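Below: one structure, written as structure tokens.
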There are 2 protein chains.
Amino acid sequence: MRVLLTNDDGLGSPGLLALARALRPVADVLVVAPEHERSAASHAITLHKPLRAVPAALGDTGLPAWATSGTPADCVLLAVLDLLGRPPDVVVSGINVGANLGMDLIYSGTVSGAVEATLSGIAAIAVSVASFTDIQWGPAAAFSAHLAQEVHRHGLPKDTFLNVNVPNLPAKEIRGVEITRQSARRYVNRLEKRADPRGRDYYWLTGSAEAGSADPGTDAAAVAEGRISVTPLRLDMTYEELRTSLRSWDLRWPLR
Amino acid sequence: MRVLLTNDDGLGSPGLLALARALRPVADVLVVAPEHERSAASHAITLHKPLRAVPAALGDTGLPAWATSGTPADCVLLAVLDLLGRPPDVVVSGINVGANLGMDLIYSGTVSGAVEATLSGIAAIAVSVASFTDIQWGPAAAFSAHLAQEVHRHGLPKDTFLNVNVPNLPAKEIRGVEITRQSARRYVNRLEKRADPRGRDYYWLTGSAEAGSADPGTDAAAVAEGRISVTPLRLDMTYEELRTSLRSWDLRWPLR
């Protein structure tokens with residue numbers, strides 16, 4: 001099994017190193033990651049300027065690794081279209097610092113690495129740990145290595161991938177695995193308005209996860225209760241129910 | 001009705017101007033758009049550097065307009081959280097130069113403007129014309145103005161929005177409106193590898209729409225046949241069928 005790793009925290013992230021070390025005993029591991037942090041890059045791809053990819057070292061692993069000037073989606077494209085020679089069997093994107101739950105997924109560079117792999121027809125997993133500090137990499141790394149093998153064994157339907165969130169707990173305190181659905185939880189954005197030294201306004205965009213408890217069965221609820229959340233996602237966003245009700249709207253051409 | 005316009009081609013795009021002129025007779029129009037083109041910005045939001053928003057002119061319309069240093073998603077956040085005072089009733093993102101069909105949606109800055117509005121609880125439409133050259137703005141602008149009123153009248157379910165693609169034809173040659181689903185059509189990415197003046201490799205990412213005909217009932221098929229495509233989309237990407245089959249996988253914790 002050949003596994004490509006990427007992430008959005010950059011090649012220097014301990015989460016990427018932990019993932020590589022956990023997968024190494026069970027797979028040929030290849031790494032193509034951004035040279036610096038690309039969080040909230042979402043699914044941006046770089047069309048308007050050149051991309052660079054240079055051979056790099058992932059810690060002391062000696063694994064084949066490249067650092068790129070691009071986003072996680074760019075990394076997957078560079079890997080698949082040029083760097084690796086032939087496509088990997090599985091792409092694992094992560095381990096991300098901070099959960100990727102509910103409606104936050106839309107902003108996630110980590111998820112976009114898995115999406116780009118999915119678009120290229122490669123089975124993919126996005127993995128995140130639900131904390132920004134004092135991160136326990138072990139459980140997420142071990143579970144990812146196991147899940148990559150399961151994905152390789154079973155395959156995934158076309159245009160689908162898995163989003164994994166691991167609670168930030170010691171291995172013994174994690175209370176199992178739950179197959180979840182995406183919650184409606186959203187990121188609450190805030191703006192901080194400031195004045196620059198010349199007195200002109202500028203803004204910092206910031207925010208935090210929505211407060212309150214999530215619905216049972218969702219990604220956010222599973223993680224809050226100490227379980228590993230595995231959410232199957234599809235790229236097709238069509239909302240069939242709304243298709244039906246739109247038929248009663250006045251949608252015609254010509255307009256008069 | 002208060003309508004916020006944004007786009008990813010920038011404040012100077014004739015598509016934005018055409019949209020503003022079509023909406024003006026039926027709505028209070030407000031404009032917050034990137035100062036330059038942000039195509040393929042996808043749902044990137046700007047967390048790592050300051051954002052700017054300055055009052056600007058949209059052609060000779062005299063409409064309230066701001067140019068920002070951010071992406072379409074940033075524009076919507078700036079508009080809703082600060083610039084407009086109170087949220088608009090409807091957000092229209094576009095009119096984009098080039099179709100946003102099938103799996104291409106994931107890359108689309110235009111769609112991300114509508115997504116961010118949806119996350120903020122505002123009814124939203126993304127609008128694109130299916131051509132990069134010799135664009136006929138009239139039909140897309142007129143249909144968008146009509147659809148914005150329909151959206152305001154009927155409302156949209158939580159966490160859903162509409163994606164509209166208009167064939168690049170004179171008004172008389174457009175063959176009606178179809179309520180479609182998202183096709184599996186994808187963008188075929190290619191890399192061009194070049195050497196810089198110092199002999200070091202770099203890449204240009206490029207690509208083109210997948211060849212071949214799309215399935216009937218899809219966005220791509222409708223546009224190819226000269227109809228306006230209206231696709232209802234939801235933010236929830238959960239793939240329920242896969243949830244069921246994952247239950248037969250070996251997904252457990254602890255691993256042994």
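Numbering starts fresh at 1 for the residues of each chain in the structure tokens, the chains themselves are lettered A, B, ... in the order given, and ligands are numbered from 1 as they appear.
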Output the contact residues of chain A with respect to chain B at a cut-off of 6 Å, based on only C-alpha atoms, as a list in words. Ala40, Ala41, Ser42, His43, Ala44, Ile45, Leu47, Pro50, Leu51, Arg52, Tyr107, Gly176, Val177, Arg181, Gln182, Tyr202, Tyr203, Trp204, Leu205, Pro232, Leu233, Arg234, Met237, Thr238, Tyr239, Arg252 and Trp253 of chain A
Would you export the selected residues with C-alpha atoms as a CSV table (one decimal), in the first residue's frame, please?
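File produced: part-v8.csv:
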chain,number,residue,atom,x,y,z
A,40,ALA,CA,-8.2,28.3,6.3
A,41,ALA,CA,-6.9,28.0,2.7
A,42,SER,CA,-10.0,25.9,2.1
A,43,HIS,CA,-10.0,24.4,-1.4
A,44,ALA,CA,-8.0,27.2,-3.0
A,45,ILE,CA,-5.8,26.0,-5.9
A,47,LEU,CA,-3.7,29.2,-10.8
A,50,PRO,CA,3.9,29.5,-10.3
A,51,LEU,CA,4.2,26.7,-7.8
A,52,ARG,CA,7.4,25.3,-6.4
A,107,TYR,CA,-13.0,26.4,5.6
A,176,GLY,CA,-14.6,3.9,21.1
A,177,VAL,CA,-15.4,4.9,17.5
A,181,ARG,CA,-23.1,12.6,10.4
A,182,GLN,CA,-21.9,16.2,9.9
A,202,TYR,CA,-8.2,47.5,9.1
A,203,TYR,CA,-9.8,44.3,10.3
A,204,TRP,CA,-8.7,41.0,11.9
A,205,LEU,CA,-11.1,38.1,11.2
A,232,PRO,CA,-18.5,9.7,5.5
A,233,LEU,CA,-18.9,12.7,3.2
A,234,ARG,CA,-19.8,13.1,-0.5
A,237,MET,CA,-24.1,18.8,-2.5
A,238,THR,CA,-27.4,18.5,-4.4
A,239,TYR,CA,-30.3,19.0,-2.0
A,252,ARG,CA,-39.3,30.6,-16.2
A,253,TRP,CA,-37.6,32.0,-19.3
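Taking only C-alpha atoms, the non-local environment of A:Val97 within 7 Å (same-chain residues fewer than 2 positions away omitted) comprises Ile95, Ala99, Ser128, Val129, Ser131 and Phe132 of chain A.
Near A:Arg24, within 12 Å and counting only C-alpha atoms, sit Met1, Arg2, Val3, Leu4, Leu5, Leu17, Ala18, Leu30, Val31, Thr61, Gly62, Leu63, Pro64, Ala141, Ala142, Ser144, Ala145, His146, Ala148 and Gln149 of chain A; same-chain residues fewer than 6 positions away were not included.
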Strand (DSSP E) call set, DSSP backbone run, stretch 13-247 of chain A, as a ChimeraX atom specification: /A:28-34,53-55,65-68,90-97,123-129,160-166,177-179,187-195,201-209,228-234
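Atom CA of A:Asn100 is positioned 10.3 Å from atom CA of A:Ala209.
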As number ranges by chain, list the residues of stretch 19-229 of chain A assigned to helix (DSSP H, G or I) by DSSP on the backbone atoms of this structure. A: 19-23, 72-83, 102-107, 109-119, 137-154, 171-173, 219-224
